[in-house]
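Novice: For reference, this is upload.cif, and it has mmCIF, N, CA and C atoms.
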```cif
data_model
#
loop_
_atom_site.label_atom_id
_atom_site.label_comp_id
_atom_site.auth_asym_id
_atom_site.auth_seq_id
_atom_site.Cartn_x
_atom_site.Cartn_y
_atom_site.Cartn_z
N MET A 617 -33.34 -19.78 -6.72
CA MET A 617 -32.77 -19.87 -5.40
C MET A 617 -31.30 -20.28 -5.47
N SER A 618 -31.00 -21.21 -6.38
CA SER A 618 -29.61 -21.65 -6.50
C SER A 618 -28.73 -20.53 -7.06
N SER A 619 -29.31 -19.64 -7.86
CA SER A 619 -28.50 -18.54 -8.39
C SER A 619 -28.09 -17.58 -7.27
N ILE A 620 -28.93 -17.43 -6.26
CA ILE A 620 -28.58 -16.59 -5.11
C ILE A 620 -27.39 -17.21 -4.37
N PHE A 621 -27.46 -18.54 -4.16
CA PHE A 621 -26.37 -19.21 -3.46
C PHE A 621 -25.08 -19.19 -4.28
N SER A 622 -25.19 -19.34 -5.58
CA SER A 622 -23.97 -19.31 -6.40
C SER A 622 -23.38 -17.90 -6.41
N LYS A 623 -24.23 -16.89 -6.44
CA LYS A 623 -23.75 -15.51 -6.38
C LYS A 623 -23.09 -15.24 -5.02
N LEU A 624 -23.73 -15.71 -3.94
CA LEU A 624 -23.17 -15.54 -2.61
C LEU A 624 -21.84 -16.28 -2.50
N ASN A 625 -21.78 -17.48 -3.04
CA ASN A 625 -20.55 -18.26 -3.00
C ASN A 625 -19.43 -17.56 -3.77
N SER A 626 -19.74 -17.03 -4.94
CA SER A 626 -18.71 -16.34 -5.73
C SER A 626 -18.25 -15.07 -5.02
N GLU A 627 -19.16 -14.36 -4.36
CA GLU A 627 -18.78 -13.15 -3.62
C GLU A 627 -17.89 -13.52 -2.43
N LEU A 628 -18.23 -14.60 -1.74
CA LEU A 628 -17.41 -15.04 -0.60
C LEU A 628 -16.02 -15.48 -1.05
N GLU A 629 -15.95 -16.17 -2.18
CA GLU A 629 -14.65 -16.57 -2.71
C GLU A 629 -13.82 -15.35 -3.10
N SER A 630 -14.47 -14.37 -3.71
CA SER A 630 -13.78 -13.14 -4.10
C SER A 630 -13.27 -12.40 -2.87
N PHE A 631 -14.11 -12.33 -1.85
CA PHE A 631 -13.70 -11.68 -0.60
C PHE A 631 -12.52 -12.43 0.02
N GLY A 632 -12.57 -13.74 0.00
CA GLY A 632 -11.48 -14.54 0.55
C GLY A 632 -10.17 -14.31 -0.18
N ARG A 633 -10.23 -14.21 -1.50
CA ARG A 633 -9.01 -13.95 -2.28
C ARG A 633 -8.45 -12.57 -1.95
N ARG A 634 -9.34 -11.57 -1.85
CA ARG A 634 -8.87 -10.22 -1.52
C ARG A 634 -8.27 -10.17 -0.12
N ALA A 635 -8.91 -10.84 0.84
CA ALA A 635 -8.40 -10.85 2.21
C ALA A 635 -7.04 -11.56 2.27
N SER A 636 -6.92 -12.67 1.57
CA SER A 636 -5.66 -13.40 1.54
C SER A 636 -4.55 -12.55 0.91
N ALA A 637 -4.87 -11.87 -0.16
CA ALA A 637 -3.88 -11.01 -0.83
C ALA A 637 -3.46 -9.87 0.08
N ALA A 638 -4.42 -9.30 0.81
CA ALA A 638 -4.10 -8.21 1.73
C ALA A 638 -3.20 -8.70 2.86
N LEU A 639 -3.47 -9.90 3.38
CA LEU A 639 -2.61 -10.46 4.43
C LEU A 639 -1.21 -10.74 3.91
N ASP A 640 -1.11 -11.26 2.70
CA ASP A 640 0.20 -11.52 2.11
C ASP A 640 0.98 -10.21 1.96
N GLU A 641 0.31 -9.18 1.50
CA GLU A 641 0.98 -7.89 1.35
C GLU A 641 1.42 -7.34 2.71
N GLY A 642 0.59 -7.52 3.72
CA GLY A 642 0.94 -7.08 5.07
C GLY A 642 2.18 -7.79 5.59
N ARG A 643 2.26 -9.09 5.35
CA ARG A 643 3.45 -9.85 5.76
C ARG A 643 4.70 -9.33 5.05
N LEU A 644 4.55 -9.04 3.77
CA LEU A 644 5.69 -8.51 3.02
C LEU A 644 6.11 -7.13 3.55
N GLN A 645 5.14 -6.30 3.90
CA GLN A 645 5.46 -4.97 4.45
C GLN A 645 6.23 -5.11 5.76
N ILE A 646 5.81 -6.04 6.61
CA ILE A 646 6.51 -6.27 7.88
C ILE A 646 7.93 -6.75 7.63
N GLU A 647 8.08 -7.68 6.69
CA GLU A 647 9.42 -8.17 6.36
C GLU A 647 10.29 -7.04 5.80
N LEU A 648 9.69 -6.18 4.99
CA LEU A 648 10.44 -5.04 4.44
C LEU A 648 10.93 -4.13 5.57
N LEU A 649 10.08 -3.87 6.55
CA LEU A 649 10.50 -3.03 7.67
C LEU A 649 11.64 -3.68 8.46
N ARG A 650 11.58 -4.98 8.65
CA ARG A 650 12.66 -5.68 9.36
C ARG A 650 13.98 -5.57 8.62
N VAL A 651 13.95 -5.78 7.32
CA VAL A 651 15.18 -5.72 6.53
C VAL A 651 15.72 -4.29 6.51
N LYS A 652 14.83 -3.31 6.39
CA LYS A 652 15.29 -1.91 6.42
C LYS A 652 15.92 -1.57 7.76
N ARG A 653 15.37 -2.10 8.85
CA ARG A 653 15.95 -1.85 10.16
C ARG A 653 17.35 -2.46 10.24
N ARG A 654 17.52 -3.68 9.70
CA ARG A 654 18.85 -4.30 9.69
C ARG A 654 19.82 -3.47 8.85
N ARG A 655 19.34 -2.95 7.71
CA ARG A 655 20.19 -2.10 6.87
C ARG A 655 20.59 -0.83 7.62
N ASP A 656 19.63 -0.22 8.29
CA ASP A 656 19.93 1.00 9.04
C ASP A 656 20.94 0.75 10.16
N ASN A 657 20.82 -0.39 10.83
CA ASN A 657 21.78 -0.73 11.88
C ASN A 657 23.17 -0.94 11.31
N ALA A 658 23.26 -1.60 10.17
CA ALA A 658 24.57 -1.81 9.53
C ALA A 658 25.17 -0.48 9.08
N ALA A 659 24.33 0.39 8.55
CA ALA A 659 24.82 1.71 8.13
C ALA A 659 25.29 2.52 9.34
N ARG A 660 24.57 2.40 10.44
CA ARG A 660 24.99 3.10 11.66
C ARG A 660 26.34 2.59 12.13
N ASP A 661 26.50 1.26 12.11
CA ASP A 661 27.78 0.67 12.53
C ASP A 661 28.92 1.14 11.63
N LEU A 662 28.66 1.19 10.33
CA LEU A 662 29.68 1.66 9.39
C LEU A 662 30.00 3.14 9.64
N GLY A 663 28.98 3.89 9.95
CA GLY A 663 29.19 5.31 10.27
C GLY A 663 30.02 5.50 11.53
N MET A 664 29.79 4.66 12.52
CA MET A 664 30.58 4.74 13.76
C MET A 664 32.04 4.39 13.50
N ILE A 665 32.26 3.41 12.62
CA ILE A 665 33.64 3.06 12.26
C ILE A 665 34.32 4.24 11.58
N ALA A 666 33.61 4.89 10.65
CA ALA A 666 34.17 6.06 9.97
C ALA A 666 34.45 7.18 10.97
N TYR A 667 33.56 7.37 11.91
CA TYR A 667 33.75 8.40 12.93
C TYR A 667 35.01 8.11 13.76
N HIS A 668 35.17 6.86 14.20
CA HIS A 668 36.33 6.50 15.00
C HIS A 668 37.62 6.61 14.19
N ARG A 669 37.56 6.30 12.90
CA ARG A 669 38.74 6.48 12.04
C ARG A 669 39.15 7.94 12.00
N GLU A 670 38.16 8.81 11.86
CA GLU A 670 38.46 10.25 11.80
C GLU A 670 39.04 10.74 13.12
N LYS A 671 38.66 10.11 14.20
CA LYS A 671 39.19 10.47 15.52
C LYS A 671 40.57 9.88 15.75
N GLY A 672 41.04 9.03 14.82
CA GLY A 672 42.37 8.46 14.93
C GLY A 672 42.40 7.07 15.57
N VAL A 673 41.24 6.50 15.82
CA VAL A 673 41.19 5.16 16.41
C VAL A 673 41.31 4.14 15.28
N GLU A 674 42.21 3.20 15.43
CA GLU A 674 42.42 2.17 14.40
C GLU A 674 41.20 1.25 14.34
N GLN A 675 40.77 0.95 13.11
CA GLN A 675 39.61 0.09 12.90
C GLN A 675 40.01 -1.08 12.03
N ASP A 676 39.34 -2.20 12.23
CA ASP A 676 39.62 -3.41 11.48
C ASP A 676 39.00 -3.29 10.08
N GLN A 677 39.81 -3.38 9.04
CA GLN A 677 39.32 -3.25 7.67
C GLN A 677 38.37 -4.38 7.30
N ARG A 678 38.59 -5.57 7.88
CA ARG A 678 37.68 -6.68 7.59
C ARG A 678 36.26 -6.37 8.06
N ARG A 679 36.13 -5.68 9.17
CA ARG A 679 34.81 -5.29 9.69
C ARG A 679 34.15 -4.31 8.72
N VAL A 680 34.92 -3.37 8.19
CA VAL A 680 34.39 -2.41 7.22
C VAL A 680 33.92 -3.13 5.97
N ASP A 681 34.75 -4.04 5.45
CA ASP A 681 34.38 -4.80 4.25
C ASP A 681 33.13 -5.64 4.48
N ALA A 682 33.05 -6.25 5.66
CA ALA A 682 31.87 -7.07 5.98
C ALA A 682 30.61 -6.22 6.02
N LEU A 683 30.70 -5.03 6.59
CA LEU A 683 29.53 -4.15 6.67
C LEU A 683 29.11 -3.64 5.29
N VAL A 684 30.10 -3.35 4.44
CA VAL A 684 29.78 -2.90 3.08
C VAL A 684 29.08 -4.03 2.31
N LEU A 685 29.56 -5.25 2.44
CA LEU A 685 28.91 -6.39 1.78
C LEU A 685 27.51 -6.62 2.35
N LYS A 686 27.38 -6.49 3.67
CA LYS A 686 26.08 -6.68 4.30
C LYS A 686 25.09 -5.64 3.80
N LEU A 687 25.54 -4.39 3.67
CA LEU A 687 24.66 -3.33 3.16
C LEU A 687 24.23 -3.62 1.72
N SER A 688 25.15 -4.10 0.91
CA SER A 688 24.81 -4.45 -0.47
C SER A 688 23.77 -5.56 -0.52
N ASP A 689 23.97 -6.58 0.30
CA ASP A 689 23.02 -7.70 0.34
C ASP A 689 21.64 -7.23 0.82
N LEU A 690 21.64 -6.40 1.84
CA LEU A 690 20.36 -5.91 2.37
C LEU A 690 19.64 -5.02 1.35
N GLU A 691 20.38 -4.22 0.63
CA GLU A 691 19.76 -3.38 -0.42
C GLU A 691 19.12 -4.26 -1.49
N ALA A 692 19.81 -5.33 -1.87
CA ALA A 692 19.25 -6.26 -2.86
C ALA A 692 18.00 -6.93 -2.31
N GLU A 693 18.03 -7.31 -1.04
CA GLU A 693 16.86 -7.94 -0.43
C GLU A 693 15.68 -6.98 -0.35
N ILE A 694 15.96 -5.71 -0.05
CA ILE A 694 14.91 -4.69 -0.01
C ILE A 694 14.28 -4.54 -1.39
N ALA A 695 15.11 -4.49 -2.43
CA ALA A 695 14.59 -4.35 -3.79
C ALA A 695 13.72 -5.55 -4.16
N SER A 696 14.13 -6.73 -3.74
CA SER A 696 13.36 -7.94 -4.02
C SER A 696 12.00 -7.91 -3.32
N ILE A 697 11.99 -7.52 -2.06
CA ILE A 697 10.73 -7.46 -1.31
C ILE A 697 9.81 -6.38 -1.90
N GLU A 698 10.39 -5.24 -2.27
CA GLU A 698 9.57 -4.18 -2.88
C GLU A 698 8.96 -4.66 -4.20
N ALA A 699 9.70 -5.45 -4.97
CA ALA A 699 9.16 -6.00 -6.21
C ALA A 699 8.02 -6.97 -5.90
N GLN A 700 8.19 -7.78 -4.85
CA GLN A 700 7.12 -8.70 -4.45
C GLN A 700 5.87 -7.94 -4.02
N ILE A 701 6.07 -6.84 -3.31
CA ILE A 701 4.93 -6.03 -2.87
C ILE A 701 4.22 -5.44 -4.08
N ALA A 702 4.98 -4.96 -5.06
CA ALA A 702 4.37 -4.41 -6.27
C ALA A 702 3.57 -5.49 -7.00
N THR A 703 4.12 -6.69 -7.07
CA THR A 703 3.41 -7.80 -7.69
C THR A 703 2.14 -8.13 -6.92
N GLN A 704 2.25 -8.12 -5.59
CA GLN A 704 1.10 -8.42 -4.75
C GLN A 704 0.00 -7.38 -4.94
N LYS A 705 0.39 -6.11 -5.06
CA LYS A 705 -0.60 -5.06 -5.28
C LYS A 705 -1.29 -5.26 -6.63
N ALA A 706 -0.54 -5.71 -7.62
CA ALA A 706 -1.13 -5.97 -8.92
C ALA A 706 -2.13 -7.11 -8.83
N VAL A 707 -1.83 -8.11 -8.00
CA VAL A 707 -2.74 -9.23 -7.81
C VAL A 707 -4.01 -8.74 -7.12
N VAL A 708 -3.87 -7.88 -6.12
CA VAL A 708 -5.04 -7.34 -5.42
C VAL A 708 -5.90 -6.54 -6.37
N VAL A 709 -5.28 -5.73 -7.22
CA VAL A 709 -6.04 -4.94 -8.18
C VAL A 709 -6.75 -5.84 -9.17
N SER A 710 -6.07 -6.87 -9.65
CA SER A 710 -6.71 -7.75 -10.63
C SER A 710 -7.86 -8.53 -10.01
N VAL A 711 -7.75 -8.88 -8.75
CA VAL A 711 -8.85 -9.59 -8.08
C VAL A 711 -10.05 -8.67 -7.92
N THR A 712 -9.81 -7.43 -7.54
CA THR A 712 -10.93 -6.52 -7.35
C THR A 712 -11.50 -6.05 -8.68
N ASP A 713 -10.70 -6.06 -9.73
CA ASP A 713 -11.20 -5.64 -11.04
C ASP A 713 -12.01 -6.72 -11.73
N THR A 714 -11.96 -7.94 -11.25
CA THR A 714 -12.73 -9.02 -11.88
C THR A 714 -14.14 -9.11 -11.32
N GLU A 715 -14.53 -8.11 -10.58
CA GLU A 715 -15.90 -8.06 -10.06
C GLU A 715 -16.88 -8.01 -11.22
N ASP A 716 -18.13 -8.12 -10.92
CA ASP A 716 -19.20 -8.09 -11.91
C ASP A 716 -19.17 -6.75 -12.65
N ASP A 717 -18.87 -6.77 -13.95
CA ASP A 717 -18.76 -5.54 -14.73
C ASP A 717 -20.07 -5.12 -15.36
N GLU A 718 -21.14 -5.86 -15.15
CA GLU A 718 -22.41 -5.49 -15.73
C GLU A 718 -22.95 -4.26 -15.01
N PRO A 719 -23.42 -3.27 -15.76
CA PRO A 719 -23.93 -2.06 -15.11
C PRO A 719 -25.23 -2.35 -14.38
N ASP A 720 -25.37 -1.77 -13.24
CA ASP A 720 -26.59 -1.89 -12.46
C ASP A 720 -27.50 -0.73 -12.85
N SER A 721 -28.53 -1.01 -13.62
CA SER A 721 -29.35 0.06 -14.19
C SER A 721 -30.03 0.89 -13.12
N GLU A 722 -30.43 0.28 -11.99
CA GLU A 722 -31.10 1.05 -10.94
C GLU A 722 -30.12 2.03 -10.29
N SER A 723 -28.90 1.58 -10.04
CA SER A 723 -27.92 2.49 -9.44
C SER A 723 -27.51 3.58 -10.41
N GLU A 724 -27.48 3.26 -11.72
CA GLU A 724 -27.17 4.29 -12.71
C GLU A 724 -28.26 5.35 -12.73
N ARG A 725 -29.52 4.90 -12.62
CA ARG A 725 -30.61 5.87 -12.60
C ARG A 725 -30.53 6.75 -11.36
N GLU A 726 -30.18 6.16 -10.20
CA GLU A 726 -30.04 6.95 -8.99
C GLU A 726 -28.91 7.96 -9.14
N ALA A 727 -27.82 7.57 -9.78
CA ALA A 727 -26.70 8.48 -9.99
C ALA A 727 -27.12 9.63 -10.89
N GLU A 728 -27.92 9.34 -11.92
CA GLU A 728 -28.40 10.40 -12.80
C GLU A 728 -29.32 11.34 -12.05
N LEU A 729 -30.18 10.80 -11.18
CA LEU A 729 -31.07 11.65 -10.40
C LEU A 729 -30.29 12.52 -9.43
N ASP A 730 -29.25 11.95 -8.83
CA ASP A 730 -28.42 12.73 -7.92
C ASP A 730 -27.72 13.85 -8.65
N ALA A 731 -27.32 13.61 -9.89
CA ALA A 731 -26.63 14.63 -10.67
C ALA A 731 -27.56 15.78 -11.03
N GLU A 732 -28.86 15.50 -11.12
CA GLU A 732 -29.81 16.54 -11.48
C GLU A 732 -30.20 17.42 -10.30
N GLU A 733 -29.98 16.98 -9.07
CA GLU A 733 -30.34 17.77 -7.91
C GLU A 733 -29.41 18.96 -7.80
N PRO A 734 -29.93 20.13 -7.41
CA PRO A 734 -29.08 21.30 -7.29
C PRO A 734 -28.10 21.14 -6.13
N ILE A 735 -26.92 21.64 -6.34
CA ILE A 735 -25.89 21.55 -5.33
C ILE A 735 -26.09 22.65 -4.29
N ILE A 736 -26.54 23.81 -4.72
CA ILE A 736 -26.72 24.94 -3.83
C ILE A 736 -28.20 25.11 -3.54
N ASP A 737 -28.53 25.30 -2.29
CA ASP A 737 -29.91 25.57 -1.89
C ASP A 737 -30.22 26.99 -2.33
N GLU A 738 -31.12 27.13 -3.33
CA GLU A 738 -31.40 28.44 -3.90
C GLU A 738 -31.99 29.40 -2.88
N ALA A 739 -32.80 28.91 -1.96
CA ALA A 739 -33.40 29.78 -0.95
C ALA A 739 -32.34 30.33 -0.01
N ALA A 740 -31.37 29.49 0.35
CA ALA A 740 -30.32 29.94 1.27
C ALA A 740 -29.31 30.83 0.55
N ALA A 741 -29.18 30.66 -0.77
CA ALA A 741 -28.20 31.44 -1.53
C ALA A 741 -28.75 32.80 -1.96
N ALA A 742 -30.06 32.98 -1.88
CA ALA A 742 -30.65 34.25 -2.29
C ALA A 742 -30.22 35.35 -1.34
N PRO A 743 -30.00 36.57 -1.87
CA PRO A 743 -29.61 37.67 -0.99
C PRO A 743 -30.71 37.98 0.01
N GLN A 744 -30.32 38.22 1.22
CA GLN A 744 -31.26 38.51 2.29
C GLN A 744 -31.36 40.04 2.44
N GLY A 745 -32.56 40.52 2.38
CA GLY A 745 -32.76 41.96 2.56
C GLY A 745 -32.96 42.26 4.04
N ASP A 746 -31.98 42.98 4.64
CA ASP A 746 -32.12 43.28 6.06
C ASP A 746 -32.58 44.71 6.27
N GLY A 747 -32.89 45.44 5.17
CA GLY A 747 -33.44 46.78 5.26
C GLY A 747 -32.43 47.84 5.57
N ALA A 748 -31.19 47.59 5.63
CA ALA A 748 -30.22 48.61 5.96
C ALA A 748 -29.56 49.17 4.75
#
```
Could I get this file's structure written as structure tokens?

Specialist:
Amino acid sequence: MSSIFSKLNSELESFGRRASAALDEGRLQIELLRVKRRRDNAARDLGMIAYHREKGVEQDQRRVDALVLKLSDLEAEIASIEAQIATQKAVVVSVTDTEDDEPDSESEREAELDAEEPIIDEAAAAPQGDGA
């Protein structure tokens, strides 16, 4: 009886770790989207400055330099978050791979029986004689 409870407890702990890892990855994905949106807005602003320059409107060079630095910083932050997401995915995989690796002989037998069943219904696949 205690082995059932210990098995249940270990399964619940495993589920909790997977759920926690999935939530952490979700938070990172949301943060990645926020940073990408900030990068896109900065790139848009820089593009508008370039457009106005081409139209002959004088633009402040300090604003251009600030946007270029901001884009560089945001790109670095995006790379960092993507690396964290990759690490988080590796953690999720390692948690799910530590499941019970012992083969379940009953399920293996069922899989073998399923493999032996014909895929095509021979009666339905037989040519039908319609007399014509």

Novice: Which value, in Å to one decimal, gives the distance between atom C of Glu627 in chain A and atom N of Ile646 in chain A?

Specialist: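 If I compute the distance from atom C of Glu627 in chain A to atom N of Ile646 in chain A, I get 26.4 Å.
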
Novice: Distance CA of Arg655 in chain A-atom C of Lys686 in chain A, one decimal place?

Specialist: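 Computing the Euclidean distance for CA of Arg655 in chain A and atom C of Lys686 in chain A yields 6.8 Å.
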
Novice: I'd like the neighbourhood of Glu691 in chain A as a list of chain:residue names, where a residue qualifies if any of its atoms comes within 8 Å (using all atoms listed in the file), though same-chain residues fewer than 6 positions away should be ignored.

Specialist: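 Residues meeting the cut-off are A:Val651, A:Arg655, A:Leu685, A:Ile697.
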
Novice: Counting all atoms listed in the file, find the residues whose atoms lie at most 6.5 Å from (24.4, -0.7, 5.9) (file coordinates) and write them out as a list in words.

Specialist: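 Those residues, ordered by chain and then number, are Arg654, Arg655, Asp656, Asn657, Ala658, Ala659, Arg660, Leu662, Leu683, Val684, Lys686, Leu687 and Ser688 of chain A.
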
Novice: What does the distance between CA of Ala635 in chain A and CA of Ala699 in chain A come to in Å, to one decimal place?

Specialist: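 Interatomic distance, CA of Ala635 in chain A to CA of Ala699 in chain A: 20.1 Å.
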
Novice: Find, counting all atoms listed in the file, the residue in A:Leu644, A:Ala682, A:Ile665, A:Leu624 that gets nearest to Ile701 in chain A.

Specialist: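 Under the stated criterion, the closest residue is A:Leu644.
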
Novice: Render range 646-672 of chain A from the structure in the preceding block as a file of N, CA and C atoms, as a JSON list (two decimals), in the first residue's frame.

Specialist:
```json
[["chain", "number", "residue", "atom", "x", "y", "z"],
["A", 646, "ILE", "N", 6.62, 35.35, -23.03],
["A", 646, "ILE", "CA", 5.93, 36.65, -22.94],
["A", 646, "ILE", "C", 6.95, 37.78, -22.87],
["A", 647, "GLU", "N", 7.99, 37.60, -22.06],
["A", 647, "GLU", "CA", 9.03, 38.62, -21.96],
["A", 647, "GLU", "C", 9.73, 38.81, -23.31],
["A", 648, "LEU", "N", 9.96, 37.72, -24.02],
["A", 648, "LEU", "CA", 10.58, 37.81, -25.34],
["A", 648, "LEU", "C", 9.71, 38.63, -26.29],
["A", 649, "LEU", "N", 8.41, 38.40, -26.27],
["A", 649, "LEU", "CA", 7.51, 39.17, -27.13],
["A", 649, "LEU", "C", 7.54, 40.66, -26.78],
["A", 650, "ARG", "N", 7.59, 40.97, -25.50],
["A", 650, "ARG", "CA", 7.65, 42.38, -25.07],
["A", 650, "ARG", "C", 8.92, 43.05, -25.57],
["A", 651, "VAL", "N", 10.04, 42.37, -25.43],
["A", 651, "VAL", "CA", 11.32, 42.96, -25.86],
["A", 651, "VAL", "C", 11.35, 43.11, -27.38],
["A", 652, "LYS", "N", 10.82, 42.12, -28.08],
["A", 652, "LYS", "CA", 10.77, 42.23, -29.55],
["A", 652, "LYS", "C", 9.88, 43.39, -29.99],
["A", 653, "ARG", "N", 8.79, 43.62, -29.27],
["A", 653, "ARG", "CA", 7.92, 44.75, -29.60],
["A", 653, "ARG", "C", 8.66, 46.06, -29.39],
["A", 654, "ARG", "N", 9.43, 46.16, -28.29],
["A", 654, "ARG", "CA", 10.22, 47.37, -28.04],
["A", 654, "ARG", "C", 11.27, 47.56, -29.14],
["A", 655, "ARG", "N", 11.89, 46.46, -29.57],
["A", 655, "ARG", "CA", 12.88, 46.54, -30.66],
["A", 655, "ARG", "C", 12.21, 47.01, -31.95],
["A", 656, "ASP", "N", 11.05, 46.45, -32.25],
["A", 656, "ASP", "CA", 10.34, 46.85, -33.46],
["A", 656, "ASP", "C", 9.95, 48.32, -33.44],
["A", 657, "ASN", "N", 9.52, 48.81, -32.28],
["A", 657, "ASN", "CA", 9.17, 50.23, -32.16],
["A", 657, "ASN", "C", 10.40, 51.11, -32.35],
["A", 658, "ALA", "N", 11.53, 50.72, -31.80],
["A", 658, "ALA", "CA", 12.76, 51.50, -31.97],
["A", 658, "ALA", "C", 13.20, 51.48, -33.44],
["A", 659, "ALA", "N", 13.07, 50.34, -34.08],
["A", 659, "ALA", "CA", 13.43, 50.24, -35.50],
["A", 659, "ALA", "C", 12.49, 51.11, -36.35],
["A", 660, "ARG", "N", 11.22, 51.13, -35.99],
["A", 660, "ARG", "CA", 10.27, 51.98, -36.71],
["A", 660, "ARG", "C", 10.65, 53.44, -36.56],
["A", 661, "ASP", "N", 10.98, 53.83, -35.32],
["A", 661, "ASP", "CA", 11.37, 55.23, -35.08],
["A", 661, "ASP", "C", 12.62, 55.59, -35.88],
["A", 662, "LEU", "N", 13.58, 54.68, -35.92],
["A", 662, "LEU", "CA", 14.80, 54.93, -36.70],
["A", 662, "LEU", "C", 14.48, 55.02, -38.19],
["A", 663, "GLY", "N", 13.58, 54.20, -38.63],
["A", 663, "GLY", "CA", 13.15, 54.26, -40.03],
["A", 663, "GLY", "C", 12.46, 55.58, -40.37],
["A", 664, "MET", "N", 11.66, 56.08, -39.45],
["A", 664, "MET", "CA", 11.00, 57.37, -39.67],
["A", 664, "MET", "C", 12.01, 58.51, -39.75],
["A", 665, "ILE", "N", 13.05, 58.42, -38.90],
["A", 665, "ILE", "CA", 14.10, 59.43, -38.96],
["A", 665, "ILE", "C", 14.80, 59.39, -40.31],
["A", 666, "ALA", "N", 15.11, 58.18, -40.79],
["A", 666, "ALA", "CA", 15.76, 58.05, -42.10],
["A", 666, "ALA", "C", 14.85, 58.58, -43.20],
["A", 667, "TYR", "N", 13.57, 58.31, -43.10],
["A", 667, "TYR", "CA", 12.61, 58.80, -44.09],
["A", 667, "TYR", "C", 12.59, 60.33, -44.11],
["A", 668, "HIS", "N", 12.53, 60.95, -42.93],
["A", 668, "HIS", "CA", 12.50, 62.41, -42.85],
["A", 668, "HIS", "C", 13.81, 63.01, -43.34],
["A", 669, "ARG", "N", 14.92, 62.34, -43.09],
["A", 669, "ARG", "CA", 16.21, 62.83, -43.62],
["A", 669, "ARG", "C", 16.19, 62.84, -45.14],
["A", 670, "GLU", "N", 15.66, 61.78, -45.72],
["A", 670, "GLU", "CA", 15.59, 61.71, -47.18],
["A", 670, "GLU", "C", 14.68, 62.79, -47.75],
["A", 671, "LYS", "N", 13.68, 63.18, -46.98],
["A", 671, "LYS", "CA", 12.77, 64.23, -47.41],
["A", 671, "LYS", "C", 13.37, 65.62, -47.20],
["A", 672, "GLY", "N", 14.55, 65.68, -46.55],
["A", 672, "GLY", "CA", 15.22, 66.95, -46.35],
["A", 672, "GLY", "C", 14.95, 67.59, -45.00]]
```
